[in-house]
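Since the structure comes first, as structure tokens, the remarks are kept for the end.
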Amino acid sequence: MICVSFITDYGLADGFVAACHGVILRTVPTARIIDITHLVPPGDVRRAATVLAQTVGSLPRGVHLAVVDPGVGTARRAVALHAAGGDLVGPDNGLLIAAAERLGGVRAAVTLPVPAGTPATFHGRDVFAPAAAALAGGTELAALGAPLDPATLVRLPAPHTRLRPDGVLEAEVLLVDTFGNVQLSAAGPLLADAGLRPPARARLWAVVPDAGRSGGASGDGTGDGTEAEAEDAGTDPATRVTELAVGVTFASVQPGELVLYVDAAGMAALAVRDGDAARALAVAPADRLAICRVGDAV
Amino acid sequence: MICVSFITDYGLADGFVAACHGVILRTVPTARIIDITHLVPPGDVRRAATVLAQTVGSLPRGVHLAVVDPGVGTARRAVALHAAGGDLVGPDNGLLIAAAERLGGVRAAVTLPVPAGTPATFHGRDVFAPAAAALAGGTELAALGAPLDPATLVRLPAPHTRLRPDGVLEAEVLLVDTFGNVQLSAAGPLLADAGLRPPARARLWAVVPDAGRSGGASGDGTGDGTEAEAEDAGTDPATRVTELAVGVTFASVQPGELVLYVDAAGMAALAVRDGDAARALAVAPADRLAICRVGDAV
Amino acid sequence: MICVSFITDYGLADGFVAACHGVILRTVPTARIIDITHLVPPGDVRRAATVLAQTVGSLPRGVHLAVVDPGVGTARRAVALHAAGGDLVGPDNGLLIAAAERLGGVRAAVTLPVPAGTPATFHGRDVFAPAAAALAGGTELAALGAPLDPATLVRLPAPHTRLRPDGVLEAEVLLVDTFGNVQLSAAGPLLADAGLRPPARARLWAVVPDAGRSGGASGDGTGDGTEAEAEDAGTDPATRVTELAVGVTFASVQPGELVLYVDAAGMAALAVRDGDAARALAVAPADRLAICRVGDAV
């Protein structure tokens, strides 16, 4: 028995996901397919790449099929990758890289040919699922297409993540989950390096990319909290400062309160207990936030 | 082959459900996982408990994994239960009890330990799925944790359901389904005890908990219908009376009409043929309704 | 191993889908169930029939279970059909016909009996899933019920599709998918017959059923594009003319532009690259559109 995981932006209202399941099961009737999600927002390669990378570690060894492919039918390559911990199949648009790295890094890669006459709009069914099925059935990667140099694979830009010399941690919003929990691009150890270990208090504010100033920089580190500092900063939302607890889980704070913690993927995250942190903070993926321990110079 | 059913409030947009599938299949590659639903509203233990209880009777004997767990990371216990008809795994917050009773009642229970270093926010992956996988793989319940007295398990409050001496049936809205059908907390036989067998006509009104009066009580039992009685009652929505048919199925009435029937779970329910009863009646789970046969003293 | 595909309008928030899975797996533990979709809008038999027909070709040979059944509990028949390429089970309301034709046409059909005492509202669990399970387990179709004449099966009206003598193609909107792509009722060869092969330009306008005129008829075939013609046509949306490219895939046009192409189901379709064509055109299933090659007499 072999597992094939499957992530797309196909949605759940059409027959697209089932068609791909069918293609796989016609080739390998004993394959087990684990649907990761098919509700990736249309074309959101970054979200799909992150969800895939954070899920593969919990899955059985096998083949990971990922199709978020706004460039279907263009010159973008279709690829299959081999990593120490499994194989990956999908478009060459950065979708597979983070997961491949979680699985030990890309050791070999091939370009999947698109058979003549293949419809130009459903490579999930016609190119990627057949390749995943072949791998699941035991075909060698090298038999699927021409080898390509892994160094030429398209990569997504790395999210902005840095610990400033003044102790302020800058990070991007990586994911917002079903509950509104906000995962940041900073891993747990970096949070610890910034002194943000529970129990503690922190300040949080938005960072405008490429702007030399931030609202936090106007604080004197001794202010009595959010309100006064927000007033100092005027009405620019990029300068509003929120104070919050650094905790271990949602229940480290009272219902309705905000908490900074290390989530189950090992990343810094923000949650509101019994609430929706993304809505409370009005943040979305790719937004930049700055965080520092209360009392540190900001 | 063993079946594991799975119900959560994880949603379908993240990788959480797949991570749990992965954990189970890594332990028991031959397990069959039946997803009941993952669209329980966040933290809605009552809804999940009801859906689970009404579904287990149709499932193969096996393990039932349920994770709606607003208290994750707190002192709430993680438990596994053994019933005559299967095993159940989840948080000790009342989620599993109704299903366990459908499966013959709790015969044994254990507290699941949380391994040191486990992230505090994803016990579905790290505590509950591993326990369900162990049970699916043949591990004895007693090997999973310290025994606990089933009498100490947390229970949800029973819904308000009673047949009044005057023949009026009072019940709560238990579930609203995808179609807007409104399931009540009264089982079919109680409906029959209230004289509400098809074909018949009934009156329905909202009950304000702990209020001594209801709009229905102002009716004289001979009124000519809804409109007049609603006027009698002024503008208090709790006193508006609706008249409806008691039927066998949606098609017992004309399109757009309301019908009271016994649903496929054996419970009293309200539907609008080709319509949405919950919207038409403006009711939601936990609302209390009163119903009586037309002509009976109200 | 046998595959059972499954499509309904049950939604994903209740336990209905899982109950049917359970019924099937209790009878045939080794069956593989492929969920096509359960998000068919309530009672939308036409959409379900189309999605099913366009998906079965990608599925393993097996049993196809379809339950979109607004007439549950009425006199509508419950049926099982045998086709050269598989078996189908569902209500006799037209849902199964197009798929059966894709599978070689109905060769035999039976009426499924509804056992006495069966709840009147969940034939998916109580009538259809048991029949699908029986077929999946090897029971002969003839053993499931009384034979019926396939000519008596209920059929959906065929969508309006015709190539007018003047070269204008009239078609209905058949499906709108998750991405907003608009599939028309005209198959690829008919598009070619209308001269609409890439690369080309086309004009598109709405057709009011049974009206003798259309906005396209007011064009002189030499106009400089959409805007002027739309003005000519006044404010009647049925007369607004859109000009668009005929291409091979989304990427045949620039982001935000509209393209007419043959989709992966072999049907004429309209898409906006990186956008939502159904929203851009304000069309919905069953709307009629007319298309002609630019320069042809309209």
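Ordering of the structure tokens sets the chain letters (A, B, ...), residue numbers begin anew at 1 in every chain, and ligands are numbered from 1 in the order given.
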
Which residues of chain A are close to chain B, meaning at most 9 Å apart when you count only C-alpha atoms, and how do they look as a PyMOL selection string?
chain A and resi 1-3+5+32+34-40+51-52+54-61+177-179+248-252+262-266+273-274

Restricted to C-alpha atoms, what would the selected residues look like written as a short mmCIF file (atom, residue, chain, number, x, y, z; two decimals), in the first residue's frame?
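Final file, out_25.cif:
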```cif
data_model
loop_
_atom_site.label_atom_id
_atom_site.label_comp_id
_atom_site.auth_asym_id
_atom_site.auth_seq_id
_atom_site.Cartn_x
_atom_site.Cartn_y
_atom_site.Cartn_z
CA MET A 1 0.00 0.00 0.00
CA ILE A 2 1.28 3.45 -0.95
CA CYS A 3 -0.03 6.85 0.10
CA SER A 5 -1.31 13.11 -0.63
CA ARG A 32 -4.46 5.44 -0.37
CA ILE A 34 -5.01 11.64 1.65
CA ASP A 35 -6.65 14.91 0.66
CA ILE A 36 -4.74 17.70 2.39
CA THR A 37 -7.06 20.47 1.22
CA HIS A 38 -8.67 21.57 -2.01
CA LEU A 39 -9.73 24.94 -0.65
CA VAL A 40 -6.53 26.80 -1.39
CA VAL A 51 0.27 24.05 4.11
CA LEU A 52 1.90 21.20 2.19
CA GLN A 54 3.68 21.78 7.34
CA THR A 55 1.64 18.63 6.71
CA VAL A 56 4.03 16.22 4.97
CA GLY A 57 5.82 15.51 8.24
CA SER A 58 2.67 13.84 9.58
CA LEU A 59 1.96 11.77 6.48
CA PRO A 60 3.12 8.29 5.57
CA ARG A 61 6.03 8.13 3.16
CA ASP A 177 -6.06 29.18 9.68
CA THR A 178 -9.74 28.27 9.99
CA PHE A 179 -9.82 29.59 13.54
CA VAL A 248 1.99 28.40 25.75
CA THR A 249 -1.50 27.96 24.34
CA PHE A 250 -4.81 29.75 23.87
CA ALA A 251 -5.71 29.01 27.44
CA SER A 252 -2.69 30.96 28.69
CA VAL A 262 4.72 28.66 19.32
CA ASP A 263 2.18 26.71 17.29
CA ALA A 264 2.02 23.03 16.45
CA ALA A 265 4.10 23.59 13.31
CA GLY A 266 6.83 25.11 15.46
CA ARG A 273 -8.71 32.72 22.94
CA ASP A 274 -12.14 31.62 21.69
#
```

Looking only at strand (DSSP E or B) from DSSP on the backbone, list the matching residues of stretch 99-212 of chain A as a PyMOL selection string.
chain A and resi 106-111+146-147+162-163+169-176+182-187+200-207

Write a file of the selected residues as an mmCIF file, in the first residue's frame, keeping N, CA and C atoms.
```cif
data_model
loop_
_atom_site.group_PDB
_atom_site.id
_atom_site.type_symbol
_atom_site.label_atom_id
_atom_site.label_comp_id
_atom_site.auth_asym_id
_atom_site.auth_seq_id
_atom_site.Cartn_x
_atom_site.Cartn_y
_atom_site.Cartn_z
ATOM 1 N N VAL A 106 15.666 18.222 -2.438
ATOM 2 C CA VAL A 106 15.505 17.628 -3.766
ATOM 3 C C VAL A 106 16.781 16.898 -4.175
ATOM 4 N N ARG A 107 16.655 15.612 -4.447
ATOM 5 C CA ARG A 107 17.822 14.837 -4.864
ATOM 6 C C ARG A 107 17.843 14.625 -6.365
ATOM 7 N N ALA A 108 16.668 14.628 -6.978
ATOM 8 C CA ALA A 108 16.589 14.449 -8.432
ATOM 9 C C ALA A 108 15.283 15.068 -8.887
ATOM 10 N N ALA A 109 15.250 15.506 -10.122
ATOM 11 C CA ALA A 109 14.048 16.138 -10.655
ATOM 12 C C ALA A 109 13.945 15.850 -12.135
ATOM 13 N N VAL A 110 12.712 15.741 -12.612
ATOM 14 C CA VAL A 110 12.482 15.559 -14.052
ATOM 15 C C VAL A 110 11.376 16.494 -14.514
ATOM 16 N N THR A 111 11.409 16.813 -15.800
ATOM 17 C CA THR A 111 10.323 17.562 -16.426
ATOM 18 C C THR A 111 9.323 16.568 -16.988
ATOM 19 N N ALA A 146 12.559 13.976 -18.757
ATOM 20 C CA ALA A 146 13.958 14.363 -18.888
ATOM 21 C C ALA A 146 14.457 14.951 -17.576
ATOM 22 N N PRO A 147 15.668 14.582 -17.166
ATOM 23 C CA PRO A 147 16.196 15.128 -15.915
ATOM 24 C C PRO A 147 16.384 16.632 -16.016
ATOM 25 N N ARG A 162 13.413 38.676 10.364
ATOM 26 C CA ARG A 162 14.734 39.005 10.907
ATOM 27 C C ARG A 162 14.614 39.487 12.348
ATOM 28 N N LEU A 163 15.654 39.199 13.083
ATOM 29 C CA LEU A 163 15.778 39.712 14.442
ATOM 30 C C LEU A 163 16.710 40.912 14.368
ATOM 31 N N LEU A 169 11.762 41.628 16.673
ATOM 32 C CA LEU A 169 11.592 40.570 15.692
ATOM 33 C C LEU A 169 10.623 41.045 14.614
ATOM 34 N N GLU A 170 11.061 41.013 13.364
ATOM 35 C CA GLU A 170 10.181 41.335 12.245
ATOM 36 C C GLU A 170 9.850 40.049 11.498
ATOM 37 N N ALA A 171 8.581 39.872 11.192
ATOM 38 C CA ALA A 171 8.174 38.641 10.497
ATOM 39 C C ALA A 171 6.945 38.928 9.655
ATOM 40 N N GLU A 172 6.695 38.032 8.711
ATOM 41 C CA GLU A 172 5.495 38.130 7.877
ATOM 42 C C GLU A 172 4.408 37.207 8.392
ATOM 43 N N VAL A 173 3.174 37.563 8.087
ATOM 44 C CA VAL A 173 2.077 36.622 8.293
ATOM 45 C C VAL A 173 2.188 35.564 7.203
ATOM 46 N N LEU A 174 2.328 34.307 7.635
ATOM 47 C CA LEU A 174 2.533 33.206 6.695
ATOM 48 C C LEU A 174 1.193 32.568 6.349
ATOM 49 N N LEU A 175 0.412 32.284 7.370
ATOM 50 C CA LEU A 175 -0.866 31.582 7.196
ATOM 51 C C LEU A 175 -1.876 32.116 8.196
ATOM 52 N N VAL A 176 -3.123 32.174 7.782
ATOM 53 C CA VAL A 176 -4.226 32.369 8.718
ATOM 54 C C VAL A 176 -5.069 31.104 8.622
ATOM 55 N N VAL A 182 -3.019 33.294 13.565
ATOM 56 C CA VAL A 182 -2.114 33.954 12.622
ATOM 57 C C VAL A 182 -0.710 33.379 12.791
ATOM 58 N N GLN A 183 -0.270 32.593 11.824
ATOM 59 C CA GLN A 183 1.074 32.030 11.904
ATOM 60 C C GLN A 183 2.068 32.981 11.265
ATOM 61 N N LEU A 184 3.174 33.209 11.964
ATOM 62 C CA LEU A 184 4.208 34.115 11.461
ATOM 63 C C LEU A 184 5.354 33.331 10.842
ATOM 64 N N SER A 185 6.200 34.045 10.109
ATOM 65 C CA SER A 185 7.311 33.385 9.416
ATOM 66 C C SER A 185 8.502 33.112 10.327
ATOM 67 N N ALA A 186 8.392 33.454 11.616
ATOM 68 C CA ALA A 186 9.495 33.223 12.548
ATOM 69 C C ALA A 186 9.311 31.886 13.252
ATOM 70 N N ALA A 187 10.345 31.046 13.215
ATOM 71 C CA ALA A 187 10.279 29.766 13.920
ATOM 72 C C ALA A 187 10.461 29.987 15.428
ATOM 73 N N ALA A 200 5.591 36.091 29.522
ATOM 74 C CA ALA A 200 6.151 37.426 29.277
ATOM 75 C C ALA A 200 5.064 38.285 28.638
ATOM 76 N N ARG A 201 5.365 39.560 28.497
ATOM 77 C CA ARG A 201 4.486 40.480 27.768
ATOM 78 C C ARG A 201 5.257 40.974 26.551
ATOM 79 N N ALA A 202 4.521 41.266 25.489
ATOM 80 C CA ALA A 202 5.172 41.728 24.263
ATOM 81 C C ALA A 202 4.392 42.888 23.678
ATOM 82 N N ARG A 203 5.069 43.614 22.792
ATOM 83 C CA ARG A 203 4.383 44.623 21.983
ATOM 84 C C ARG A 203 4.447 44.200 20.531
ATOM 85 N N LEU A 204 3.402 44.534 19.806
ATOM 86 C CA LEU A 204 3.235 44.109 18.426
ATOM 87 C C LEU A 204 2.781 45.295 17.610
ATOM 88 N N TRP A 205 3.395 45.508 16.445
ATOM 89 C CA TRP A 205 2.910 46.551 15.548
ATOM 90 C C TRP A 205 3.201 46.178 14.102
ATOM 91 N N ALA A 206 2.496 46.833 13.209
ATOM 92 C CA ALA A 206 2.680 46.562 11.788
ATOM 93 C C ALA A 206 3.923 47.284 11.287
ATOM 94 N N VAL A 207 4.573 46.667 10.308
ATOM 95 C CA VAL A 207 5.749 47.273 9.689
ATOM 96 C C VAL A 207 5.409 47.570 8.236
#
```

Run DSSP on the backbone and give me the residues of stretch 13-99 of chain B it puts in alpha helix (DSSP H), as a PyMOL selection string.
chain B and resi 16-27+45-55+97-99

10 Å contact set for stretch 92-101 of chain A, only C-alpha atoms, chain neighbours under 2 positions out, as JSON, numbers by chain
{"A": [44, 45, 46, 47, 48, 49, 50, 51, 52, 53, 54, 55, 56, 57, 64, 65, 66, 67, 68, 69, 70, 71, 76, 77, 78, 79, 80, 81, 82, 83, 84, 85, 86, 87, 88, 89, 90, 103, 104, 105, 106, 107, 111, 150, 152, 153, 154, 155, 156, 157]}

Residue selection dump (C-alpha atoms) as an mmCIF file, in the first residue's frame:
```cif
data_model
loop_
_atom_site.group_PDB
_atom_site.id
_atom_site.type_symbol
_atom_site.label_atom_id
_atom_site.label_comp_id
_atom_site.auth_asym_id
_atom_site.auth_seq_id
_atom_site.Cartn_x
_atom_site.Cartn_y
_atom_site.Cartn_z
ATOM 1 C CA ASP A 44 -2.457 31.011 -4.081
ATOM 2 C CA VAL A 45 0.772 29.061 -4.566
ATOM 3 C CA ARG A 46 2.313 30.464 -1.404
ATOM 4 C CA ARG A 47 -0.445 29.272 0.895
ATOM 5 C CA ALA A 48 -0.500 25.830 -0.706
ATOM 6 C CA ALA A 49 3.279 25.509 -0.436
ATOM 7 C CA THR A 50 3.160 26.371 3.255
ATOM 8 C CA VAL A 51 0.267 24.051 4.114
ATOM 9 C CA LEU A 52 1.901 21.204 2.189
ATOM 10 C CA ALA A 53 5.261 21.739 3.878
ATOM 11 C CA GLN A 54 3.675 21.783 7.342
ATOM 12 C CA THR A 55 1.639 18.633 6.706
ATOM 13 C CA VAL A 56 4.035 16.225 4.973
ATOM 14 C CA GLY A 57 5.819 15.511 8.237
ATOM 15 C CA HIS A 64 2.732 14.216 -2.747
ATOM 16 C CA LEU A 65 0.628 15.610 -5.563
ATOM 17 C CA ALA A 66 0.114 19.378 -5.531
ATOM 18 C CA VAL A 67 -1.712 21.365 -8.179
ATOM 19 C CA VAL A 68 -2.107 25.102 -7.723
ATOM 20 C CA ASP A 69 -1.246 26.110 -11.208
ATOM 21 C CA PRO A 70 -2.319 29.496 -12.520
ATOM 22 C CA GLY A 71 0.151 28.996 -15.366
ATOM 23 C CA ARG A 76 5.898 26.688 -17.021
ATOM 24 C CA ARG A 77 7.366 23.240 -16.491
ATOM 25 C CA ALA A 78 5.536 20.281 -15.022
ATOM 26 C CA VAL A 79 7.903 18.484 -12.667
ATOM 27 C CA ALA A 80 8.397 15.492 -10.434
ATOM 28 C CA LEU A 81 10.926 15.624 -7.619
ATOM 29 C CA HIS A 82 12.581 12.961 -5.544
ATOM 30 C CA ALA A 83 13.544 13.678 -1.952
ATOM 31 C CA ALA A 84 14.897 11.359 0.715
ATOM 32 C CA GLY A 85 11.491 11.244 2.386
ATOM 33 C CA GLY A 86 9.220 10.944 -0.631
ATOM 34 C CA ASP A 87 8.345 12.106 -4.121
ATOM 35 C CA LEU A 88 6.522 15.262 -5.188
ATOM 36 C CA VAL A 89 4.629 16.106 -8.365
ATOM 37 C CA GLY A 90 3.290 19.464 -9.547
ATOM 38 C CA LEU A 103 11.516 15.678 3.188
ATOM 39 C CA GLY A 104 15.281 16.029 2.997
ATOM 40 C CA GLY A 105 15.781 18.236 -0.031
ATOM 41 C CA VAL A 106 15.505 17.628 -3.766
ATOM 42 C CA ARG A 107 17.822 14.837 -4.864
ATOM 43 C CA THR A 111 10.323 17.562 -16.426
ATOM 44 C CA PRO A 150 17.199 21.087 -9.241
ATOM 45 C CA THR A 152 16.797 25.659 -11.887
ATOM 46 C CA LEU A 153 13.518 24.976 -10.072
ATOM 47 C CA VAL A 154 11.408 28.064 -9.490
ATOM 48 C CA ARG A 155 11.398 29.174 -5.850
ATOM 49 C CA LEU A 156 9.043 31.450 -3.991
ATOM 50 C CA PRO A 157 10.652 34.500 -2.380
#
```

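The gap separating atom CA of A:Gly247 from atom CA of A:Tyr261 is 5.3 Å, in Å to one decimal.
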